[in-house]
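J.: Just one file: model-v3.txt, with compact mmCIF, C-alpha atoms.
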# COMPACT_ATOMS: atom_id res chain seq x y z
CA MET A 1 176.73 -40.77 -38.50
CA LYS A 2 175.23 -44.03 -39.75
CA LEU A 3 175.99 -46.88 -37.40
CA PRO A 4 177.43 -50.17 -38.69
CA THR A 5 175.33 -53.29 -38.27
CA VAL A 6 176.28 -56.70 -36.89
CA ALA A 7 174.07 -59.73 -37.55
CA LEU A 8 174.08 -62.91 -35.45
CA VAL A 9 173.14 -65.91 -37.58
CA GLY A 10 173.04 -69.63 -37.03
CA ARG A 11 170.74 -72.58 -36.52
CA PRO A 12 168.44 -72.79 -33.47
CA ASN A 13 169.77 -73.37 -29.95
CA VAL A 14 173.39 -72.40 -30.56
CA GLY A 15 173.23 -69.51 -28.06
CA LYS A 16 172.46 -66.48 -30.24
CA SER A 17 170.06 -64.85 -27.79
CA THR A 18 172.45 -65.34 -24.87
CA LEU A 19 175.26 -63.70 -26.85
CA PHE A 20 172.89 -60.96 -28.03
CA ASN A 21 171.92 -60.07 -24.45
CA LYS A 22 175.54 -60.10 -23.36
CA ILE A 23 176.61 -57.71 -26.12
CA VAL A 24 173.79 -55.21 -25.50
CA GLY A 25 174.34 -55.52 -21.74
CA LYS A 26 170.76 -56.30 -20.72
CA GLN A 27 167.99 -58.81 -21.12
CA VAL A 28 166.13 -58.06 -24.34
CA SER A 29 163.06 -59.99 -25.44
CA ILE A 30 163.96 -61.81 -28.63
CA ILE A 31 161.46 -63.65 -30.78
CA GLU A 32 162.22 -65.80 -33.78
CA ASP A 33 159.46 -64.52 -36.04
CA LEU A 34 158.18 -61.00 -36.68
CA PRO A 35 159.31 -58.33 -34.22
CA GLY A 36 156.33 -56.67 -32.54
CA VAL A 37 155.91 -52.93 -33.01
CA THR A 38 155.57 -52.29 -29.28
CA ARG A 39 157.93 -54.32 -27.09
CA ASP A 40 159.77 -57.19 -28.77
CA ARG A 41 162.76 -56.47 -30.98
CA ILE A 42 165.13 -58.40 -33.18
CA TYR A 43 167.69 -55.62 -33.01
CA GLN A 44 169.21 -53.19 -30.52
CA GLU A 45 171.84 -50.48 -30.45
CA ALA A 46 175.01 -51.60 -28.63
CA THR A 47 178.39 -50.12 -27.67
CA TYR A 48 181.76 -51.81 -27.27
CA ASN A 49 184.92 -49.81 -26.47
CA LYS A 50 183.16 -46.55 -27.42
CA LYS A 51 182.16 -48.02 -30.78
CA ARG A 52 178.42 -47.92 -31.42
CA PHE A 53 176.61 -50.32 -33.75
CA TYR A 54 173.30 -52.04 -34.38
CA LEU A 55 173.02 -55.69 -33.40
CA ILE A 56 170.51 -58.06 -35.06
CA ASP A 57 169.40 -61.48 -33.84
CA THR A 58 168.11 -63.12 -37.01
CA GLY A 59 166.39 -66.17 -35.51
CA GLY A 60 167.28 -69.83 -35.99
CA ILE A 61 167.75 -71.22 -39.49
CA ASP A 62 166.34 -74.74 -39.58
CA ALA A 63 166.14 -76.67 -42.84
CA SER A 64 163.66 -79.13 -41.37
CA LYS A 65 160.89 -76.52 -41.05
CA MET A 66 158.00 -76.51 -43.50
CA ASP A 67 158.55 -72.84 -44.31
CA PHE A 68 162.27 -73.43 -44.80
CA ASN A 69 162.64 -71.58 -48.11
CA SER A 70 161.01 -68.30 -47.04
CA GLU A 71 162.78 -68.37 -43.65
CA ILE A 72 166.17 -68.94 -45.25
CA LYS A 73 165.52 -66.16 -47.73
CA MET A 74 164.60 -63.75 -44.92
CA GLN A 75 167.76 -64.56 -42.95
CA ALA A 76 169.87 -64.15 -46.06
CA GLU A 77 168.23 -60.79 -46.85
CA ILE A 78 169.15 -59.44 -43.42
CA ALA A 79 172.65 -60.92 -43.33
CA ILE A 80 173.64 -59.94 -46.86
CA LYS A 81 171.83 -56.63 -47.41
CA GLU A 82 172.02 -55.12 -43.95
CA ALA A 83 175.06 -56.36 -42.00
CA ASP A 84 178.57 -55.02 -42.19
CA VAL A 85 179.81 -57.97 -40.12
CA VAL A 86 178.13 -61.37 -39.74
CA VAL A 87 178.80 -63.49 -36.66
CA PHE A 88 178.08 -67.10 -37.60
CA ILE A 89 177.42 -68.95 -34.32
CA VAL A 90 177.93 -72.72 -34.17
CA ASP A 91 177.67 -75.25 -31.35
CA GLY A 92 181.10 -76.56 -30.30
CA LYS A 93 179.51 -79.39 -28.34
CA GLU A 94 177.55 -80.86 -31.24
CA GLY A 95 179.99 -80.16 -34.06
CA ILE A 96 179.00 -79.37 -37.65
CA THR A 97 175.41 -80.18 -38.61
CA SER A 98 173.53 -80.10 -41.90
CA ASN A 99 171.89 -76.82 -40.82
CA ASP A 100 175.35 -75.30 -40.31
CA ILE A 101 176.17 -76.22 -43.90
CA VAL A 102 172.97 -74.51 -45.08
CA VAL A 103 173.93 -71.32 -43.24
CA ARG A 104 177.49 -71.58 -44.60
CA ASP A 105 176.23 -71.78 -48.18
CA ILE A 106 174.11 -68.65 -47.71
CA LEU A 107 176.95 -66.63 -46.22
CA MET A 108 179.50 -67.79 -48.78
CA LYS A 109 177.48 -66.03 -51.49
CA SER A 110 177.90 -62.71 -49.71
CA GLU A 111 180.97 -60.51 -49.70
CA LYS A 112 180.50 -59.60 -46.03
CA LYS A 113 183.02 -60.09 -43.28
CA VAL A 114 182.10 -63.36 -41.53
CA ILE A 115 183.39 -64.38 -38.09
CA VAL A 116 182.65 -67.91 -36.90
CA ALA A 117 181.97 -67.98 -33.15
CA ILE A 118 182.31 -71.54 -31.85
CA ASN A 119 180.07 -71.46 -28.78
CA LYS A 120 179.85 -73.74 -25.72
CA VAL A 121 183.59 -74.51 -25.67
CA ASP A 122 183.34 -74.80 -21.88
CA VAL A 123 181.54 -78.12 -22.33
CA LYS A 124 183.59 -81.29 -22.04
CA ASP A 125 184.73 -82.77 -25.37
CA ALA A 126 183.96 -79.50 -27.21
CA GLU A 127 187.64 -78.91 -27.90
CA ASP A 128 187.73 -82.02 -30.05
CA ASN A 129 185.21 -80.42 -32.42
CA ILE A 130 186.76 -76.97 -32.74
CA TYR A 131 189.03 -77.76 -35.67
CA ASP A 132 186.25 -79.54 -37.55
CA PHE A 133 184.61 -76.13 -38.07
CA TYR A 134 187.55 -74.97 -40.20
CA GLU A 135 185.97 -77.07 -42.94
CA LEU A 136 183.33 -74.32 -43.25
CA GLY A 137 185.89 -72.32 -45.22
CA PHE A 138 185.88 -68.92 -43.48
CA ASP A 139 188.93 -66.93 -42.36
CA THR A 140 188.23 -66.18 -38.68
CA TYR A 141 187.24 -68.67 -35.94
CA ILE A 142 186.92 -67.69 -32.27
CA PRO A 143 186.02 -70.20 -29.51
CA ILE A 144 183.61 -68.66 -26.99
CA SER A 145 181.29 -69.45 -24.12
CA SER A 146 178.38 -67.00 -23.94
CA ILE A 147 177.50 -68.17 -20.45
CA HIS A 148 181.02 -68.26 -18.95
CA ASN A 149 182.41 -65.19 -20.74
CA THR A 150 185.18 -67.11 -22.48
CA GLY A 151 186.46 -65.51 -25.68
CA PHE A 152 184.05 -62.57 -25.51
CA ILE A 153 186.73 -59.86 -25.69
CA GLU A 154 188.50 -61.60 -28.58
CA LEU A 155 185.20 -61.91 -30.44
CA MET A 156 184.15 -58.28 -29.95
CA ASP A 157 187.61 -56.99 -30.86
CA ALA A 158 187.38 -58.88 -34.14
CA VAL A 159 183.79 -57.76 -34.80
CA THR A 160 184.43 -54.05 -34.20
CA MET A 161 187.96 -53.90 -35.60
CA ASP A 162 186.99 -51.63 -38.51
CA PHE A 163 184.33 -49.57 -36.67
CA LYS A 164 184.98 -45.96 -35.78
CA GLU A 165 184.75 -44.67 -32.23
CA LYS A 166 181.80 -42.43 -31.43
CA GLU A 167 182.46 -39.02 -32.92
CA GLU A 168 182.49 -36.10 -30.54
CA GLU A 169 180.72 -33.85 -33.02
CA GLU A 170 177.41 -35.46 -33.89
CA ASP A 171 175.27 -34.27 -36.77
CA THR A 172 172.99 -31.71 -35.10
CA ARG A 173 170.58 -31.41 -38.03
CA ILE A 174 167.05 -32.51 -37.22
CA LYS A 175 166.18 -35.86 -38.78
CA PHE A 176 162.62 -36.75 -39.66
CA SER A 177 161.38 -40.03 -41.10
CA ILE A 178 158.38 -40.62 -43.33
CA ILE A 179 156.73 -43.80 -42.08
CA GLY A 180 153.52 -45.69 -42.71
CA ARG A 181 151.93 -48.68 -44.35
CA PRO A 182 152.86 -49.54 -47.96
CA ASN A 183 151.23 -47.47 -50.69
CA VAL A 184 150.16 -44.52 -48.54
CA GLY A 185 152.35 -42.16 -50.57
CA LYS A 186 155.56 -41.86 -48.57
CA SER A 187 157.88 -41.64 -51.57
CA SER A 188 155.52 -39.18 -53.31
CA LEU A 189 155.60 -37.02 -50.18
CA MET A 190 159.37 -37.08 -50.14
CA ASN A 191 159.48 -36.10 -53.82
CA ALA A 192 157.01 -33.26 -53.22
CA LEU A 193 159.13 -31.86 -50.38
CA LEU A 194 162.33 -32.15 -52.38
CA ASN A 195 160.52 -31.01 -55.52
CA GLU A 196 162.45 -33.53 -57.57
CA GLU A 197 162.25 -37.20 -58.52
CA ARG A 198 164.83 -38.65 -56.16
CA VAL A 199 162.84 -41.81 -55.47
CA VAL A 200 161.20 -44.27 -57.84
CA VAL A 201 157.47 -44.02 -57.22
CA SER A 202 155.15 -46.86 -58.18
CA ASP A 203 151.57 -47.90 -57.54
CA ILE A 204 152.76 -51.31 -56.34
CA ALA A 205 152.63 -51.57 -52.54
CA GLY A 206 156.05 -51.96 -50.95
CA THR A 207 158.07 -50.64 -53.92
CA THR A 208 160.55 -48.84 -51.66
CA ARG A 209 162.73 -51.50 -50.05
CA ASP A 210 165.43 -49.46 -48.32
CA SER A 211 165.51 -46.22 -46.38
CA ILE A 212 166.89 -43.26 -48.31
CA ASP A 213 168.36 -40.12 -46.73
CA SER A 214 168.05 -36.73 -48.38
CA VAL A 215 169.01 -33.23 -47.27
CA LEU A 216 166.12 -30.77 -47.31
CA LYS A 217 166.79 -27.05 -46.97
CA TYR A 218 163.95 -24.92 -45.59
CA HIS A 219 164.26 -21.29 -44.44
CA ASP A 220 168.08 -21.55 -44.56
CA GLU A 221 168.02 -24.59 -42.25
CA GLU A 222 169.01 -28.10 -43.27
CA PHE A 223 167.02 -31.20 -42.32
CA ILE A 224 167.78 -34.86 -42.92
CA MET A 225 164.75 -36.59 -44.42
CA ILE A 226 164.51 -40.37 -44.18
CA ASP A 227 162.15 -42.23 -46.49
CA THR A 228 161.37 -45.78 -45.37
CA ALA A 229 159.95 -48.98 -46.72
CA GLY A 230 156.30 -49.62 -45.96
CA MET A 231 155.53 -51.20 -42.59
CA ARG A 232 153.20 -54.09 -43.34
CA LYS A 233 151.49 -56.07 -40.61
CA LYS A 234 152.00 -59.81 -40.39
CA GLY A 235 149.49 -61.84 -42.37
CA LYS A 236 149.07 -65.47 -43.34
CA VAL A 237 151.60 -64.95 -46.09
CA PHE A 238 154.44 -62.72 -44.93
CA GLU A 239 157.38 -62.74 -47.32
CA SER A 240 160.95 -62.33 -46.21
CA VAL A 241 161.27 -59.01 -48.02
CA GLU A 242 158.45 -57.64 -45.86
CA LYS A 243 160.28 -58.65 -42.69
CA TYR A 244 163.36 -56.97 -44.06
CA SER A 245 161.37 -53.83 -44.90
CA LEU A 246 159.88 -53.73 -41.42
CA PHE A 247 163.34 -53.95 -39.88
CA ARG A 248 164.56 -51.07 -42.02
CA SER A 249 161.53 -48.98 -41.05
CA LEU A 250 162.02 -49.55 -37.33
CA LYS A 251 165.69 -48.71 -37.67
CA SER A 252 164.82 -45.48 -39.53
CA ILE A 253 162.47 -44.49 -36.70
CA ASP A 254 165.28 -44.99 -34.20
CA ARG A 255 167.51 -42.67 -36.24
CA SER A 256 164.84 -39.94 -36.36
CA ASP A 257 163.98 -37.02 -34.12
CA ILE A 258 160.51 -36.61 -35.63
CA CYS A 259 158.27 -39.17 -37.36
CA LEU A 260 155.71 -38.28 -40.01
CA VAL A 261 153.04 -41.00 -39.88
CA VAL A 262 151.38 -40.99 -43.30
CA ILE A 263 147.70 -41.95 -43.47
CA ASN A 264 145.95 -42.72 -46.76
CA ALA A 265 142.81 -40.54 -46.86
CA GLU A 266 141.38 -42.72 -49.63
CA GLU A 267 141.59 -45.92 -47.55
CA GLY A 268 140.89 -44.31 -44.19
CA ILE A 269 142.48 -45.16 -40.84
CA LYS A 270 143.67 -48.75 -40.43
CA GLU A 271 144.58 -50.61 -37.24
CA HIS A 272 148.18 -50.94 -38.31
CA ASP A 273 148.45 -47.14 -38.57
CA LYS A 274 148.01 -47.12 -34.79
CA HIS A 275 150.74 -49.71 -34.31
CA ILE A 276 153.17 -47.65 -36.37
CA ALA A 277 152.40 -44.47 -34.44
CA GLY A 278 152.68 -46.40 -31.17
CA TYR A 279 156.18 -47.57 -32.00
CA ALA A 280 157.33 -44.01 -32.73
CA ILE A 281 155.86 -42.81 -29.43
CA GLU A 282 157.44 -45.66 -27.49
CA ARG A 283 160.82 -44.66 -28.87
CA GLY A 284 160.26 -41.06 -27.72
CA LYS A 285 160.01 -39.47 -31.15
CA GLY A 286 158.23 -36.29 -32.16
CA LEU A 287 155.04 -37.10 -34.05
CA ILE A 288 153.06 -35.53 -36.87
CA PHE A 289 150.16 -37.20 -38.67
CA VAL A 290 150.12 -36.54 -42.42
CA VAL A 291 146.80 -37.39 -44.08
CA ASN A 292 147.89 -37.85 -47.69
CA LYS A 293 145.82 -38.14 -50.90
CA TRP A 294 143.40 -35.59 -49.45
CA ASP A 295 142.32 -34.72 -53.01
CA THR A 296 140.66 -38.17 -53.20
CA ALA A 297 138.56 -37.65 -50.04
CA LYS A 298 135.43 -36.30 -51.72
CA LYS A 299 132.84 -37.45 -49.17
CA THR A 300 134.27 -35.94 -46.01
CA THR A 301 135.59 -32.68 -44.62
CA ILE A 302 138.71 -31.87 -42.62
CA ALA A 303 136.55 -31.34 -39.52
CA GLU A 304 134.91 -34.76 -39.90
CA PHE A 305 138.19 -36.56 -40.59
CA GLN A 306 139.81 -34.71 -37.70
CA ARG A 307 137.20 -36.12 -35.32
CA LYS A 308 137.91 -39.63 -36.61
CA MET A 309 141.67 -39.14 -36.21
CA ARG A 310 141.36 -37.93 -32.62
CA ALA A 311 139.01 -40.81 -31.78
CA GLU A 312 141.30 -43.46 -33.27
CA PHE A 313 144.57 -41.95 -31.97
CA GLN A 314 143.48 -41.08 -28.44
CA PHE A 315 146.95 -42.06 -27.19
CA ALA A 316 148.52 -39.15 -29.11
CA PRO A 317 146.20 -36.13 -28.68
CA TYR A 318 149.23 -33.81 -28.77
CA ALA A 319 150.25 -34.73 -32.34
CA PRO A 320 149.36 -32.19 -35.04
CA ILE A 321 147.48 -33.39 -38.14
CA VAL A 322 148.25 -32.09 -41.63
CA TYR A 323 146.01 -32.69 -44.66
CA LEU A 324 147.63 -32.60 -48.10
CA SER A 325 148.12 -34.27 -51.45
CA ALA A 326 151.72 -35.17 -52.23
CA LEU A 327 150.84 -35.93 -55.85
CA THR A 328 149.16 -32.59 -56.66
CA LYS A 329 151.18 -30.69 -54.00
CA LYS A 330 147.94 -29.19 -52.70
CA ARG A 331 148.41 -27.98 -49.10
CA ILE A 332 152.01 -29.28 -49.12
CA HIS A 333 153.07 -25.88 -47.77
CA THR A 334 151.34 -26.64 -44.44
CA LEU A 335 153.75 -29.44 -43.48
CA MET A 336 157.14 -27.77 -42.93
CA PRO A 337 155.81 -25.14 -40.48
CA GLU A 338 154.51 -27.99 -38.31
CA ILE A 339 157.90 -29.72 -38.47
CA LEU A 340 159.54 -26.48 -37.32
CA LYS A 341 157.16 -26.24 -34.36
CA VAL A 342 157.76 -29.84 -33.29
CA LYS A 343 161.52 -29.32 -33.72
CA GLU A 344 161.36 -26.55 -31.13
CA ASN A 345 159.11 -28.50 -28.78
CA ILE A 346 161.15 -31.73 -28.60
CA LYS A 347 164.05 -29.62 -27.31
CA ARG A 348 162.02 -27.22 -25.16
CA GLU A 349 163.41 -26.59 -21.66
CA VAL A 350 161.26 -25.23 -18.83
CA LYS A 351 162.71 -23.18 -16.00
CA THR A 352 162.68 -25.11 -12.74
CA ASN A 353 160.98 -22.42 -10.65
CA VAL A 354 158.20 -21.93 -13.22
CA LEU A 355 157.71 -25.69 -13.50
CA ASN A 356 157.42 -26.11 -9.74
CA ASP A 357 154.87 -23.31 -9.52
CA VAL A 358 152.71 -25.06 -12.13
CA ILE A 359 152.97 -28.47 -10.44
CA GLN A 360 152.28 -27.14 -6.93
CA ASP A 361 149.22 -25.27 -8.22
CA ALA A 362 148.04 -28.43 -9.94
CA TYR A 363 148.60 -30.43 -6.74
CA GLN A 364 146.58 -28.01 -4.63
CA LEU A 365 143.83 -27.90 -7.23
CA ASN A 366 143.53 -31.70 -7.22
CA ILE A 367 145.06 -33.27 -4.11
CA PRO A 368 145.45 -37.02 -4.68
CA PRO A 369 143.32 -39.30 -2.49
CA SER A 370 144.94 -41.18 0.37
CA TYR A 371 145.67 -44.88 0.05
CA LYS A 372 145.90 -47.04 3.19
CA GLY A 373 146.34 -43.91 5.27
CA LYS A 374 149.09 -42.48 3.05
CA ARG A 375 148.87 -39.64 0.55
CA LEU A 376 151.19 -38.76 -2.31
CA LYS A 377 153.28 -35.64 -1.70
CA ILE A 378 155.30 -33.88 -4.38
CA TYR A 379 158.36 -32.11 -2.99
CA PHE A 380 160.16 -30.96 -6.11
CA VAL A 381 160.17 -31.41 -9.90
CA SER A 382 162.82 -30.63 -12.49
CA GLN A 383 163.31 -31.20 -16.18
CA THR A 384 165.99 -33.84 -16.62
CA GLY A 385 166.03 -34.38 -20.37
CA ILE A 386 165.02 -33.26 -23.85
CA ASN A 387 164.18 -35.00 -27.12
CA PRO A 388 161.83 -36.14 -25.68
CA PRO A 389 161.34 -33.80 -22.68
CA LYS A 390 161.65 -35.65 -19.39
CA PHE A 391 160.52 -34.50 -15.95
CA THR A 392 161.62 -36.04 -12.66
CA PHE A 393 159.39 -35.70 -9.60
CA ARG A 394 160.71 -36.10 -6.04
CA VAL A 395 157.91 -37.59 -3.94
CA ASN A 396 157.37 -39.23 -0.57
CA ASN A 397 156.38 -42.60 -2.05
CA LYS A 398 156.45 -43.30 -5.79
CA GLY A 399 154.25 -46.35 -5.19
CA LEU A 400 151.37 -43.95 -4.47
CA VAL A 401 151.42 -42.49 -7.99
CA HIS A 402 148.28 -43.70 -9.78
CA PHE A 403 148.39 -43.71 -13.58
CA SER A 404 145.37 -41.40 -13.72
CA TYR A 405 147.16 -38.84 -11.52
CA GLU A 406 150.28 -39.12 -13.65
CA ARG A 407 148.14 -38.37 -16.70
CA TYR A 408 146.62 -35.40 -14.85
CA LEU A 409 150.09 -33.98 -14.16
CA GLU A 410 151.13 -34.48 -17.79
CA ASN A 411 148.02 -32.63 -18.95
CA LYS A 412 148.80 -29.73 -16.61
CA ILE A 413 152.33 -29.50 -18.00
CA ARG A 414 150.96 -29.47 -21.54
CA GLU A 415 148.37 -26.82 -20.64
CA ASN A 416 151.10 -24.47 -19.45
CA PHE A 417 153.93 -25.21 -21.88
CA ASP A 418 153.87 -25.92 -25.61
CA PHE A 419 154.81 -29.55 -26.13
CA THR A 420 152.73 -30.03 -29.26
CA GLY A 421 154.03 -32.92 -31.31
CA THR A 422 156.27 -34.50 -28.69
CA PRO A 423 155.73 -37.20 -26.09
CA ILE A 424 156.89 -36.23 -22.60
CA THR A 425 158.20 -38.59 -19.94
CA LEU A 426 157.34 -38.35 -16.23
CA GLN A 427 159.62 -40.12 -13.76
CA PHE A 428 158.93 -40.41 -10.04
CA LYS A 429 161.62 -40.93 -7.41
CA ASN A 430 161.45 -41.13 -3.65
CA ARG A 431 163.23 -38.23 -1.98
CA SER A 432 165.63 -40.70 -0.38
CA ASP A 433 166.60 -42.32 -3.72
CA GLU A 434 170.03 -41.60 -5.09
CA ASP A 435 170.28 -40.04 -8.55
How does this structure look as structure tokens?

T.:
Amino acid sequence: MKLPTVALVGRPNVGKSTLFNKIVGKQVSIIEDLPGVTRDRIYQEATYNKKRFYLIDTGGIDASKMDFNSEIKMQAEIAIKEADVVVFIVDGKEGITSNDIVVRDILMKSEKKVIVAINKVDVKDAEDNIYDFYELGFDTYIPISSIHNTGFIELMDAVTMDFKEKEEEEDTRIKFSIIGRPNVGKSSLMNALLNEERVVVSDIAGTTRDSIDSVLKYHDEEFIMIDTAGMRKKGKVFESVEKYSLFRSLKSIDRSDICLVVINAEEGIKEHDKHIAGYAIERGKGLIFVVNKWDTAKKTTIAEFQRKMRAEFQFAPYAPIVYLSALTKKRIHTLMPEILKVKENIKREVKTNVLNDVIQDAYQLNIPPSYKGKRLKIYFVSQTGINPPKFTFRVNNKGLVHFSYERYLENKIRENFDFTGTPITLQFKNRSDED
């Protein structure tokens, strides 16, 4: 089920981030410019009355900025092309400003549902300005106070009115996304797997603007394949369409179970390839590296390139690497078997008694050093999640867990159980902690 998207738009300092955090129910780091591929986001999945949706904070639109035109274009791209509902936030205390008119003109050109949220109505004299905003020409106006919770229910009821409640029967088919920098051959790879021209392929970097879903049948099993726009790093000139493409790519990763990170063998490994892989890992996705255009790599061997890959991607030693050419279809047959393996591993469950035997043996083999007279003790471990696999350790003091010992335990788990292609999460809790 594809989730609907809600975009918060408006000029700076009208309270978008405060409203964003309230809707998602937690403090989320929001930045006005490019979202980082590791921690900062401009979007988050949210739920209201069992209705799930994506929420975007688009940053402040300010006509006085030097880069006004490109910024406005970027905001319009997100609001018009991506959102199902746009919440236009204005400041009830200040009344209508020239920047509000700029935002109004952008939104008027769209055919999206627009709800005007008149914020800061708790401030004295704000009521006098409420009716002035009707001049903006939209249908729905809701006075709110993000800080004092006024009007929040009315706003969210209006926003989610046409959204469906979470379906009990989710699509159980494995979803994998094809991600990577522009022009590494993602669309060609998708065409090769589907064996048909479903996507327009071009030599121009960034040709694919939106993500495209296709159903792939392999060994009588159906997979959902998601092709994404190229993820381009921020440079001196970073057009709005690139920001839009990056957003779509990150959203596609979130929808996936497994990510295929495509590397261009002709260009070699780039720094941004690491950032892309890092984002997929952070989101707990299965990971496979696909070295594409292998037919162009005349001056190296698989063994040599493999050494480079492992050296550059030391943070993902568990991810399999496939070498192929999407254009000539050479070695294309090696990819789907790896996807099948990773599919099994992201959902692998380990019996509790076997897991505890492995961990206790590992503990005795390498007893952690004492710290200030105290030593870490592991009482019990159990698997508490899949996709990605998660293991919870009951210990005497979780503050005694050093990152190097945590890595040691993860390695021991991987040595004994096949978790190729999937990150695994280790969580430590004191024995006295409640679940």

J.: For A:Val121, find every residue with an atom within 9 Å (counting all atoms listed in the file), except residues of its own chain fewer than 6 positions away, and show them as a list in words.

T.: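 Returned residues: Asp91, Gly92, Lys93, Glu127, Ile130, Pro143, Ile144, Ser145 and Thr150 of chain A.
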
J.: Please report the interatomic distance between atom CA of A:Tyr279 and atom CA of A:Ser187 in Å with one decimal.

T.: 20.5 Å

J.: May I have a table of the residues of stretch 245-287 of chain A lying at most 10 Å from stretch 308-314 of chain A, giving each one's closest pair of atoms and their distance in Å to one decimal, counting all atoms listed in the file, ordered by chain and ascending residue number, as a tab-separated table?

T.:
residue	atom	partner	partner_atom	distance
A:Ile263	CA	A:Met309	CA	9.8
A:Gly268	CA	A:Lys308	CA	9.4
A:Ile269	CA	A:Met309	CA	7.6
A:Lys270	CA	A:Glu312	CA	9.2
A:Glu271	CA	A:Glu312	CA	8.8
A:Asp273	CA	A:Phe313	CA	9.2
A:Lys274	CA	A:Phe313	CA	6.8
A:Ala277	CA	A:Phe313	CA	8.6
A:Gly278	CA	A:Phe313	CA	9.3

J.: Name the closest residue to A:Ala158 among the candidates A:Val6, A:Ser256, A:Thr420, A:Val261; distances are taken between atoms, counting only C-alpha atoms.

T.: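 Of the candidates, the smallest distance to A:Ala158 is held by A:Val6.
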
J.: In Å to one decimal, how far is atom CA of A:Arg52 from atom CA of A:Ile118?

T.: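 Answer for the atom CA of A:Ile118 to atom CA of A:Arg52 separation: 23.9 Å.
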
J.: For atom CA of A:Thr47 and atom CA of A:Val24, determine how far apart the two atoms are, in Å to one decimal place.

T.: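 Separating atom CA of A:Thr47 from atom CA of A:Val24 is a distance of 7.2 Å.
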
J.: Need the shell around A:Gln383: protein/DNA/RNA residues with any atom at most 7 Å away, counting all atoms listed in the file. Skip same-chain ones fewer than 4 positions apart. Format as a PDB file with C-alpha atoms, keeping the file's coordinate frame?

T.:
ATOM      1  CA  VAL A 350     161.260 -25.230 -18.830  1.00  0.00           C
ATOM      2  CA  LYS A 390     161.650 -35.650 -19.390  1.00  0.00           C
ATOM      3  CA  PHE A 391     160.520 -34.500 -15.950  1.00  0.00           C
ATOM      4  CA  THR A 392     161.620 -36.040 -12.660  1.00  0.00           C
TER       5      THR A 392
END

J.: Could you please give me, as an MDAnalysis selection string, the residues of protein, DNA or RNA lying at most 10 Å from (167.4, -31.7, -40.2) in the coordinate frame of the file, considering all atoms listed in the file?

T.: chainID A and resid 171:176 214:218 221:226 256:258 339:340 343

J.: Looking at A:Lys299, A:His275, A:His148, A:Lys112, which one is nearest to A:Lys22, with distances taken over all atoms listed in the file?

T.: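 Answer, going by the shortest atom-to-atom distance: A:His148.
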